[in-house]
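As structure tokens, the structure follows; a few thoughts come after it.
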Amino acid sequence: MEKHIMQYQTVHFNLNGKDVERTVDVRASLTDMLRGDFRMTSVKKGCEVGECGACNVLIDGEAFNSCIYLAVWAEGKHIRTLEGLLGPNGELSDIQQAFVEEAAIQCGFCTPGFILTAVEILESGKEYSDAELRKLLSGHLCRCTGYENILRAVKKTMYRRLGKSF
Amino acid sequence: MYDMKALYQAKSVADAVALRLAHPQAQIIAGGSDVLVQMREGKRAGAELISIYGLDELRGVSMEADGTLRIGSLTSFSHITRDPLIQQYVNVLGEAVDQVGGPQIRNIGTIGGNTCNGVTSADSASTLFAYDAVVELTGPDGVRRLPIQEFYIKAGKVDIREGELQTAILISRESYENTFGHYIKYAMRNAMDIATLGTSVNVRLSADKRTVERARVAFGVAGPVPLRAETAERLAAGKTLSPDLADDFAAAVREDINPRDSWRAARDFRMHIAVESARRAFVEAVHLAGGEL
Amino acid sequence: MSKSVGKSVVRVDAYEKATGRAKYTDDLCDRSALVAKICHATIAHGFVTSIDTGEAEAIPGVVRVLTCFDAPDRPFPTAGHPWSTDPSHQDVADRLLLNRHVRYYGDEVAVVIAEDEIAAVQGVRALKVTYEELPFVLDVQKAMEPGAPQIHEEFPGNILAHTDIRRGDYQSAIQEPGLIKVEGWYDTPTVQHCHIENHGCFAYMEAGRVVVVSSTQIPHIVRRVVGQALGLPWGKVRLIKPYIGGGFGNKQDALYEPLCAWCSTMVGGRLVKLECTREETFVSNRVRHAIRTHIISWVRKDGTLAARKFEAFSNQGAYASHGHGVVAKGMGAFPQLYPCPNLECDCWSVFTNRPAAGAMRGYGIPQAMFAGECHIDDICAAIGMTPLEFRRKNLMPVGYTDAFSKNELYSDTFNQCMDKGMAAIDYARKYQVYQNQTGPVRRGVGMAVFWYNTAVWPISLESSSCRMVVNQDGSLQFQTGETEIGQGCDTAYSQMVADAVGVPLSDVHVVSTQDTDVTPYGTGAYASRQTYIGGFSIVQTAKALRERILAIAHEQTRMPVSNLDLVDGQIVRKSDGRILKSLGDLATESLYSLEHSQHITAETTAQIKSNAYSFGCSFAEVEVDIPMCKVKLLNIVNVHDCGTLINPALAEAQVHGGMSMAIGYGLSEELKFDEKTGKPLNNNLLDYKLSTFMDHPTLQAEFVENAEPTSPYGTKALGEPPACSGAPAIRNAIFQATGVAFDRCPITPHVLYRGFKEAGLITD
């Protein structure tokens, strides 16, 4: 069997507001790099083929399943994970707080991915209908919540940010 | 971790062409939502990859001087849906690709990858067929353009030659002007699914909105590759709008489609859904065009 | 009285999970771990004749290849049941670490241990396995036919077990003149749990023992199974269970912990990680039993039941796992839910060459309710009675007591639940409006009830142990062997502990992780037993702890124990209500006392010899687009009487999740197999149609709170019941809308197409 020619490459990117660089195996997914090299436990592995959304991160403001994104593609990107949402003293962001308040968390495995997609939705500054929110959140699977309280948490935060009553 | 033998990252289209020639066995990877999945399944394990992900010159939608819409092959589905030119001229394409997978897939998936896969279920493909889209390929001898119907050779195989990569998809003004289209994705759930059947219809009505000047209908998963139902198109052309026309148009699609039996769906079921979808998509397209049935 | 129980307090683990900091199994695994990957069989039935490992072993990074020819011939059971010291009640021990006899497509035949995942995967791909193929069988009734392929030598005819129930005289009863015979066959699918965290574990040796960290619901049971599988004394095995990303019964089995532990022992005790892929989770973990049920009811014109026959054929798959308990539980509901004097009930668990079926949320009841509640609507159609009227007339009456479990229906639960559900969905009005529709798009409303009983007594042991330790500041830690799997038991228990001990909730710290070295024995999360069973040991341990604290308070204050109380973390003199000191001051003084130093702790085991009915219902409203063969679920409501709610918000959330599972069961989910090869066709989250965010209407959860008298907190099962009645309610709504009585779930567009075509509703 042919011996594998190992290739490493140094990737420079911005992670949660901080410029970082890492030398990674080109075979690594972004999930592998964030979990392995940066120990970001919010990035979960649920299917590794882009079907469950548990590994979701924001890249230049858009949601991506990091499992099917090569680590070397991070070069020059701005990447945000759930770890980046927390305040300096561990304060939860409004959307995290809403997930807590609305009992939108059960086993917690889909939670980080959902919250990051919610961040993308909320940062658009738009008001969406329930049907639109369902569609915008539909790239994540959850087996515990039936999605009901997740919808409530996102809606509540959307209205709060828009200064409207819920 | 992906079991790849090597990764070559193209820095330009010319570089990609050079890499293609240097590594003829290598697989092009655009967004990766299909190639990486196949690699993990073992189908492409151990392969060399040429990544064109970094070629920003292949992203975006523009209009050429003659009115042709040019969609860069690496334009993601979500960017196509949000693009003002798409929304103005071929909104149905934006709607169709807005039904691919889920939001994250629509951010990474590209129209080039969707068509180069050669799969019949691609949500973009039926609409591109229905608009007589042209595929632009760039290779060592320059640019080659061919109709999308010719680009698809057979299931899973498209006409990309040595050293080539797909660089754009083009839709001519003649094709899209004054047309209104509707796409129906028939799937087993409302998100994160592949089409059991995809139906894309577009119509151009006469100025008085009473006559069909031109109707086009294309299907995904009604055959090994996406296809047009030309019998139905001929039937509708020049006809006065009426409820019967929708039924006749829909019934006529049976002449040209040839879905297969698979564990995903039976042939007779797909035939039934194709007729019903064609009828509904035709009705909706006519309504969008300002006509009444 | 109670300060914390009954309130919707925030989950104790919410912050950790909302920040992504909560540690799941893979988060805890050191990066130095070797990676084990399993080679799964590519035939449905046969024998491995050889495995050529040469090429795999030559791959750089491959450390060790172990095949079925290396594995010990030491069968072990896997079911997450309490051990029985009576051999006749022990689970069937039919698993080996790796198998020469392949019994399903996906069976484990070898494992490759490598320095990284890629080398391990390459190694698996490089193995050359040869087989002697045998005929296989996937269908449960075909597996019972003479001449069917034999899957386990010890079980002729592939019958793992058969049990029956007889009441009265069925044969004589059906002779009564004027009876209307209603007969139906009902099929339910193979489905999978689809927790978002796949099962995974890692193992290493430390001080001559094997340590396994696993995503499991049942750490103490898995410890025992690892011991059995490896031939080790159970004390040589330590099992640690961190946070887990859902279980739903799949992780109520020993899955790959024994294999992973064995791998570690075969590489000198090095750290070995074995993580399932999603594809493996679907096929090589556990699935829900597909059950085919045959029901005949002999009904009088007035809607009373003269006699009934029930036969259930449960597709066990390749291995016994939880075995016959699942279909037996479903059959057990039949005579109770609609009591009838003359009954013939039989059920069979039958081996086939499919993935092993085990526990899954509802444990036989979703299957039994689909069959039973569809059949009730079929009876109603046959005799011209409304579904509501028939149920009001025939459902288990108040005061009904089951002779075996001693469970009693204490309250008018069914009528209360149905009334609430009807009001929520405007059932009575809609039922009238939706009668006799025509046209391509029609609506319907449907209902279904469910029967469930809490925990496993008297079939198996029910016990729970609890330990409480007071800190110097008067706060306390508590532990139980019952596990947090996402359902919220850590929070419910914390609320119970706060009230039972007499401290503020903020002073209660749950030790969420179970570690068999330090956690008191408890069997884990299953049977919707957590709040019910855990409540007993919490109350009992809190009582012991309070006695201890008040005795120390007596030493420190010289007041008689009879005049002391612990209220909200303060030692109070009862006679005048004066606060004498805080629990913190007491604990500090006690611990550091130069005269009588003691740390304050209590630990007890409660054995529970009771059980409780937990009932409720679902109402569904659908819109059926007949030409498009599509069902749109417009509304769905579940109503539960799970006794007194410990935490209403978490209870509601729990119901939502179960309803979602029921919607998938009713409309979309099914694991499919190639009839020609036995190969699974859709073992991934794209092709297996788990409901997405866009497939649900608003989920409505309602409760009727009749305090359960046998529980110290008035509580009973809620974990599984929400998954039990949704699917038949949807089916019955489709029935009302279209007049087509579908006899299977999921009622997919394919099924709708066939049904509508047969009924003449669509013509091509």
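Chain labels follow the order of the structure tokens: the first chain is A, the next B, and so on; residue numbering restarts at 1 in every chain, and ligands are counted from 1 in their shown order.
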
Got a sec: who's within 6 Å of stretch 59-76 of chain A, counting only C-alpha atoms, leaving out chain neighbours fewer than 5 positions off, as a list in words? Val11, His12, Phe13, Ala28, Ser29, Leu30, Thr31, Glu48, Gly50, Gly53 and Thr117 of chain A; Gln104 of chain B

Writer output for current selection, N, CA and C atoms, as a tab-separated table (two decimals), in the first residue's frame:
```tsv
chain	number	residue	atom	x	y	z
A	11	VAL	N	-2.72	27.70	8.55
A	11	VAL	CA	-3.93	28.45	8.24
A	11	VAL	C	-4.01	29.64	9.17
A	12	HIS	N	-4.27	30.81	8.60
A	12	HIS	CA	-4.42	32.03	9.40
A	12	HIS	C	-5.86	32.47	9.30
A	13	PHE	N	-6.47	32.69	10.41
A	13	PHE	CA	-7.86	33.17	10.37
A	13	PHE	C	-8.19	33.87	11.67
A	28	ALA	N	-7.89	17.53	7.41
A	28	ALA	CA	-8.78	17.83	8.52
A	28	ALA	C	-9.98	18.65	8.07
A	29	SER	N	-11.11	18.37	8.71
A	29	SER	CA	-12.27	19.24	8.52
A	29	SER	C	-12.15	20.40	9.50
A	30	LEU	N	-12.96	21.41	9.25
A	30	LEU	CA	-12.97	22.53	10.20
A	30	LEU	C	-13.42	22.05	11.58
A	31	THR	N	-14.33	21.10	11.62
A	31	THR	CA	-14.73	20.51	12.91
A	31	THR	C	-13.51	19.92	13.61
A	48	GLU	N	-21.42	14.16	10.62
A	48	GLU	CA	-20.20	14.38	9.82
A	48	GLU	C	-20.46	14.40	8.32
A	50	GLY	N	-23.05	16.81	7.17
A	50	GLY	CA	-23.84	18.01	6.89
A	50	GLY	C	-25.34	17.82	6.97
A	53	GLY	N	-26.44	19.45	11.60
A	53	GLY	CA	-26.24	20.84	12.01
A	53	GLY	C	-25.55	21.04	13.35
A	117	THR	N	-27.00	29.57	14.35
A	117	THR	CA	-27.89	29.92	13.24
A	117	THR	C	-28.82	31.05	13.68
B	104	GLN	N	-27.58	25.81	5.97
B	104	GLN	CA	-26.13	25.68	5.94
B	104	GLN	C	-25.66	25.06	4.62
```

Within 7 Å of chain C, which residues of chain A come that close, and what is the closest atom pair and distance in Å for each? Count only C-alpha atoms and give it as JSON lines.
```
{"residue": "A:Met1", "atom": "CA", "partner": "C:Ile59", "partner_atom": "CA", "distance": 6.8}
{"residue": "A:Thr41", "atom": "CA", "partner": "C:Gly20", "partner_atom": "CA", "distance": 5.9}
{"residue": "A:Ser42", "atom": "CA", "partner": "C:Gly20", "partner_atom": "CA", "distance": 4.0}
{"residue": "A:Gly46", "atom": "CA", "partner": "C:Glu197", "partner_atom": "CA", "distance": 5.3}
{"residue": "A:Cys47", "atom": "CA", "partner": "C:Arg278", "partner_atom": "CA", "distance": 5.2}
{"residue": "A:Glu51", "atom": "CA", "partner": "C:Leu685", "partner_atom": "CA", "distance": 6.0}
{"residue": "A:Leu82", "atom": "CA", "partner": "C:Thr19", "partner_atom": "CA", "distance": 6.4}
{"residue": "A:Glu83", "atom": "CA", "partner": "C:Thr19", "partner_atom": "CA", "distance": 6.5}
{"residue": "A:Gln96", "atom": "CA", "partner": "C:Ala18", "partner_atom": "CA", "distance": 5.7}
{"residue": "A:Val100", "atom": "CA", "partner": "C:Ala14", "partner_atom": "CA", "distance": 5.8}
{"residue": "A:Glu101", "atom": "CA", "partner": "C:Val10", "partner_atom": "CA", "distance": 6.7}
{"residue": "A:Ala103", "atom": "CA", "partner": "C:Leu650", "partner_atom": "CA", "distance": 6.5}
{"residue": "A:Ile105", "atom": "CA", "partner": "C:Ala14", "partner_atom": "CA", "distance": 6.8}
{"residue": "A:Gln106", "atom": "CA", "partner": "C:Gly486", "partner_atom": "CA", "distance": 4.5}
{"residue": "A:Cys107", "atom": "CA", "partner": "C:Gly486", "partner_atom": "CA", "distance": 3.5}
{"residue": "A:Gly108", "atom": "CA", "partner": "C:Lys17", "partner_atom": "CA", "distance": 5.2}
{"residue": "A:Phe109", "atom": "CA", "partner": "C:Gly245", "partner_atom": "CA", "distance": 5.0}
{"residue": "A:Cys110", "atom": "CA", "partner": "C:Ile196", "partner_atom": "CA", "distance": 6.8}
{"residue": "A:Thr111", "atom": "CA", "partner": "C:Ala18", "partner_atom": "CA", "distance": 6.6}
{"residue": "A:Pro112", "atom": "CA", "partner": "C:Gly20", "partner_atom": "CA", "distance": 6.0}
{"residue": "A:Arg134", "atom": "CA", "partner": "C:Phe693", "partner_atom": "CA", "distance": 5.5}
{"residue": "A:Lys135", "atom": "CA", "partner": "C:Met694", "partner_atom": "CA", "distance": 6.2}
{"residue": "A:Leu137", "atom": "CA", "partner": "C:Phe693", "partner_atom": "CA", "distance": 6.7}
{"residue": "A:Ser138", "atom": "CA", "partner": "C:Phe693", "partner_atom": "CA", "distance": 5.0}
{"residue": "A:Leu141", "atom": "CA", "partner": "C:Thr692", "partner_atom": "CA", "distance": 6.1}
{"residue": "A:Cys142", "atom": "CA", "partner": "C:Ile196", "partner_atom": "CA", "distance": 6.7}
{"residue": "A:Arg143", "atom": "CA", "partner": "C:His195", "partner_atom": "CA", "distance": 5.9}
{"residue": "A:Cys144", "atom": "CA", "partner": "C:Gly657", "partner_atom": "CA", "distance": 4.6}
{"residue": "A:Thr145", "atom": "CA", "partner": "C:Gly657", "partner_atom": "CA", "distance": 4.3}
{"residue": "A:Gly146", "atom": "CA", "partner": "C:Gly657", "partner_atom": "CA", "distance": 4.5}
{"residue": "A:Tyr147", "atom": "CA", "partner": "C:Phe693", "partner_atom": "CA", "distance": 6.1}
{"residue": "A:Glu148", "atom": "CA", "partner": "C:Leu699", "partner_atom": "CA", "distance": 6.4}
```

Serialized selection, C-alpha atoms, as an mmCIF file, in the first residue's frame:
```
data_model
loop_
_atom_site.group_PDB
_atom_site.id
_atom_site.type_symbol
_atom_site.label_atom_id
_atom_site.label_comp_id
_atom_site.auth_asym_id
_atom_site.auth_seq_id
_atom_site.Cartn_x
_atom_site.Cartn_y
_atom_site.Cartn_z
ATOM 1 C CA MET A 1 0.000 0.000 0.000
ATOM 2 C CA THR A 41 -16.448 21.698 22.701
ATOM 3 C CA SER A 42 -19.423 23.640 21.362
ATOM 4 C CA GLY A 46 -23.551 14.366 15.005
ATOM 5 C CA CYS A 47 -23.344 12.975 11.489
ATOM 6 C CA GLU A 51 -27.230 16.603 7.798
ATOM 7 C CA LEU A 82 -20.567 29.539 20.473
ATOM 8 C CA GLU A 83 -17.568 30.227 22.702
ATOM 9 C CA GLN A 96 -28.376 31.965 24.942
ATOM 10 C CA VAL A 100 -32.279 28.863 28.980
ATOM 11 C CA GLU A 101 -35.491 30.696 29.872
ATOM 12 C CA ALA A 103 -36.534 25.436 28.274
ATOM 13 C CA ILE A 105 -32.336 22.937 25.928
ATOM 14 C CA GLN A 106 -32.616 19.274 26.821
ATOM 15 C CA CYS A 107 -29.710 16.999 26.033
ATOM 16 C CA GLY A 108 -27.864 20.060 24.787
ATOM 17 C CA PHE A 109 -26.174 18.448 21.834
ATOM 18 C CA CYS A 110 -27.928 20.388 19.092
ATOM 19 C CA THR A 111 -28.009 23.591 21.137
ATOM 20 C CA PRO A 112 -24.762 25.304 20.075
ATOM 21 C CA ARG A 134 -38.846 27.497 10.781
ATOM 22 C CA LYS A 135 -37.255 27.496 7.369
ATOM 23 C CA LEU A 137 -33.696 27.020 11.375
ATOM 24 C CA SER A 138 -34.420 23.893 9.365
ATOM 25 C CA LEU A 141 -32.103 18.310 13.685
ATOM 26 C CA CYS A 142 -33.227 17.901 17.267
ATOM 27 C CA ARG A 143 -34.748 14.805 18.805
ATOM 28 C CA CYS A 144 -35.527 16.170 22.268
ATOM 29 C CA THR A 145 -37.508 19.375 21.908
ATOM 30 C CA GLY A 146 -39.752 18.938 18.889
ATOM 31 C CA TYR A 147 -38.261 22.354 18.010
ATOM 32 C CA GLU A 148 -41.117 24.063 19.836
#
```

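Distance-wise, atom CA of C:Tyr452 and atom CA of C:Met369 end up 10.0 Å apart.
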
Taking a cut-off of 7 Å and counting only C-alpha atoms, can you build a table that, for each residue of chain B near chain C, reports the nearest atom pair and how far apart they are in Å (one decimal), sorted by chain then residue number, as CSV?
```
residue,atom,partner,partner_atom,distance
B:Met1,CA,C:Ile118,CA,6.7
B:Asp3,CA,C:Ile118,CA,5.9
B:Arg189,CA,C:Asp695,CA,6.5
B:Asn190,CA,C:Met694,CA,5.6
B:Ala191,CA,C:Met694,CA,6.3
B:Met192,CA,C:Leu686,CA,6.5
B:Asp193,CA,C:Leu686,CA,6.1
B:Phe269,CA,C:Tyr753,CA,6.8
B:His272,CA,C:Asp764,CA,6.6
B:Ile273,CA,C:Met628,CA,6.4
B:Glu276,CA,C:Met628,CA,6.7
```

Given the selection you just returned, output its residues as a file containing N, CA and C atoms, formatted as a PDB file, in the first residue's frame.
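Writing the result to out-v7.pdb gives the following:
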```pdb
ATOM      1  N   MET B   1     -11.608  14.010   9.716  1.00  0.00           N
ATOM      2  CA  MET B   1     -10.477  13.785   8.822  1.00  0.00           C
ATOM      3  C   MET B   1     -10.959  13.051   7.568  1.00  0.00           C
ATOM      4  N   ASP B   3     -10.087  10.977   4.109  1.00  0.00           N
ATOM      5  CA  ASP B   3      -9.081  10.086   3.559  1.00  0.00           C
ATOM      6  C   ASP B   3      -8.736  10.521   2.140  1.00  0.00           C
ATOM      7  N   ARG B 189     -40.090  15.256   3.139  1.00  0.00           N
ATOM      8  CA  ARG B 189     -40.256  16.207   4.237  1.00  0.00           C
ATOM      9  C   ARG B 189     -39.958  17.595   3.688  1.00  0.00           C
ATOM     10  N   ASN B 190     -40.186  18.590   4.501  1.00  0.00           N
ATOM     11  CA  ASN B 190     -40.181  19.954   3.988  1.00  0.00           C
ATOM     12  C   ASN B 190     -38.823  20.638   4.038  1.00  0.00           C
ATOM     13  N   ALA B 191     -37.832  19.971   4.588  1.00  0.00           N
ATOM     14  CA  ALA B 191     -36.466  20.508   4.585  1.00  0.00           C
ATOM     15  C   ALA B 191     -35.515  19.325   4.628  1.00  0.00           C
ATOM     16  N   MET B 192     -34.248  19.592   4.376  1.00  0.00           N
ATOM     17  CA  MET B 192     -33.215  18.563   4.466  1.00  0.00           C
ATOM     18  C   MET B 192     -33.607  17.300   3.697  1.00  0.00           C
ATOM     19  N   ASP B 193     -33.966  17.501   2.453  1.00  0.00           N
ATOM     20  CA  ASP B 193     -34.375  16.333   1.681  1.00  0.00           C
ATOM     21  C   ASP B 193     -33.906  16.473   0.241  1.00  0.00           C
ATOM     22  N   PHE B 269     -45.913   5.906  -8.955  1.00  0.00           N
ATOM     23  CA  PHE B 269     -46.101   7.016  -8.026  1.00  0.00           C
ATOM     24  C   PHE B 269     -45.451   8.285  -8.585  1.00  0.00           C
ATOM     25  N   HIS B 272     -47.471   9.690 -11.382  1.00  0.00           N
ATOM     26  CA  HIS B 272     -48.661  10.381 -10.881  1.00  0.00           C
ATOM     27  C   HIS B 272     -48.299  11.776 -10.363  1.00  0.00           C
ATOM     28  N   ILE B 273     -47.244  11.822  -9.579  1.00  0.00           N
ATOM     29  CA  ILE B 273     -46.843  13.105  -8.984  1.00  0.00           C
ATOM     30  C   ILE B 273     -46.359  14.069 -10.071  1.00  0.00           C
ATOM     31  N   GLU B 276     -49.445  15.643 -11.678  1.00  0.00           N
ATOM     32  CA  GLU B 276     -50.087  16.585 -10.755  1.00  0.00           C
ATOM     33  C   GLU B 276     -49.213  17.820 -10.531  1.00  0.00           C
TER      34      GLU B 276
END
```

At a cut-off of 8 Å, using only C-alpha atoms, what residues contact A:Arg80? Leave out same-chain residues fewer than 6 positions from it and give the result as number ranges by chain. A: 15-17, 57-59

Store the residues of this selection in a file with N, CA and C atoms, as a compact mmCIF listing (two decimals), in the first residue's frame.
```txt
# COMPACT_ATOMS: atom_id res chain seq x y z
N LEU A 15 -10.61 33.87 14.83
CA LEU A 15 -11.51 32.99 15.57
C LEU A 15 -12.09 33.76 16.76
N ASN A 16 -13.34 33.99 16.69
CA ASN A 16 -14.04 34.71 17.77
C ASN A 16 -13.35 36.04 18.09
N GLY A 17 -12.96 36.73 17.05
CA GLY A 17 -12.41 38.07 17.23
C GLY A 17 -10.90 38.12 17.40
N VAL A 57 -20.99 26.49 12.52
CA VAL A 57 -20.25 27.70 12.95
C VAL A 57 -20.58 28.81 11.96
N LEU A 58 -20.24 30.03 12.33
CA LEU A 58 -20.45 31.15 11.41
C LEU A 58 -19.13 31.49 10.74
N ILE A 59 -19.16 31.51 9.43
CA ILE A 59 -17.98 31.89 8.66
C ILE A 59 -18.33 33.14 7.88
```

Test item: residues at most 9 Å from C:Thr413, only C-alpha atoms, excluding those fewer than 5 positions along its chain, as a count of residues only: 9

Hey, list the chain B side of the contact with chain A: 12 Å cut-off, only C-alpha atoms, answer as a PyMOL selection string. chain B and resi 1-10+29-41+45-49+51-55+76+78-79+98-109+189-194

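Between B:Leu85 and the candidates B:Arg234, B:Leu58, B:Val97, B:Met63, the tightest atom-to-atom separation, counting only C-alpha atoms, involves B:Met63.
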
Using only C-alpha atoms, find the one residue out of C:Glu589, C:Glu603, C:Asp164, C:Glu720 that sits nearest to C:Gln479.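 Counting only C-alpha atoms, the residue closest to C:Gln479 is C:Glu603.
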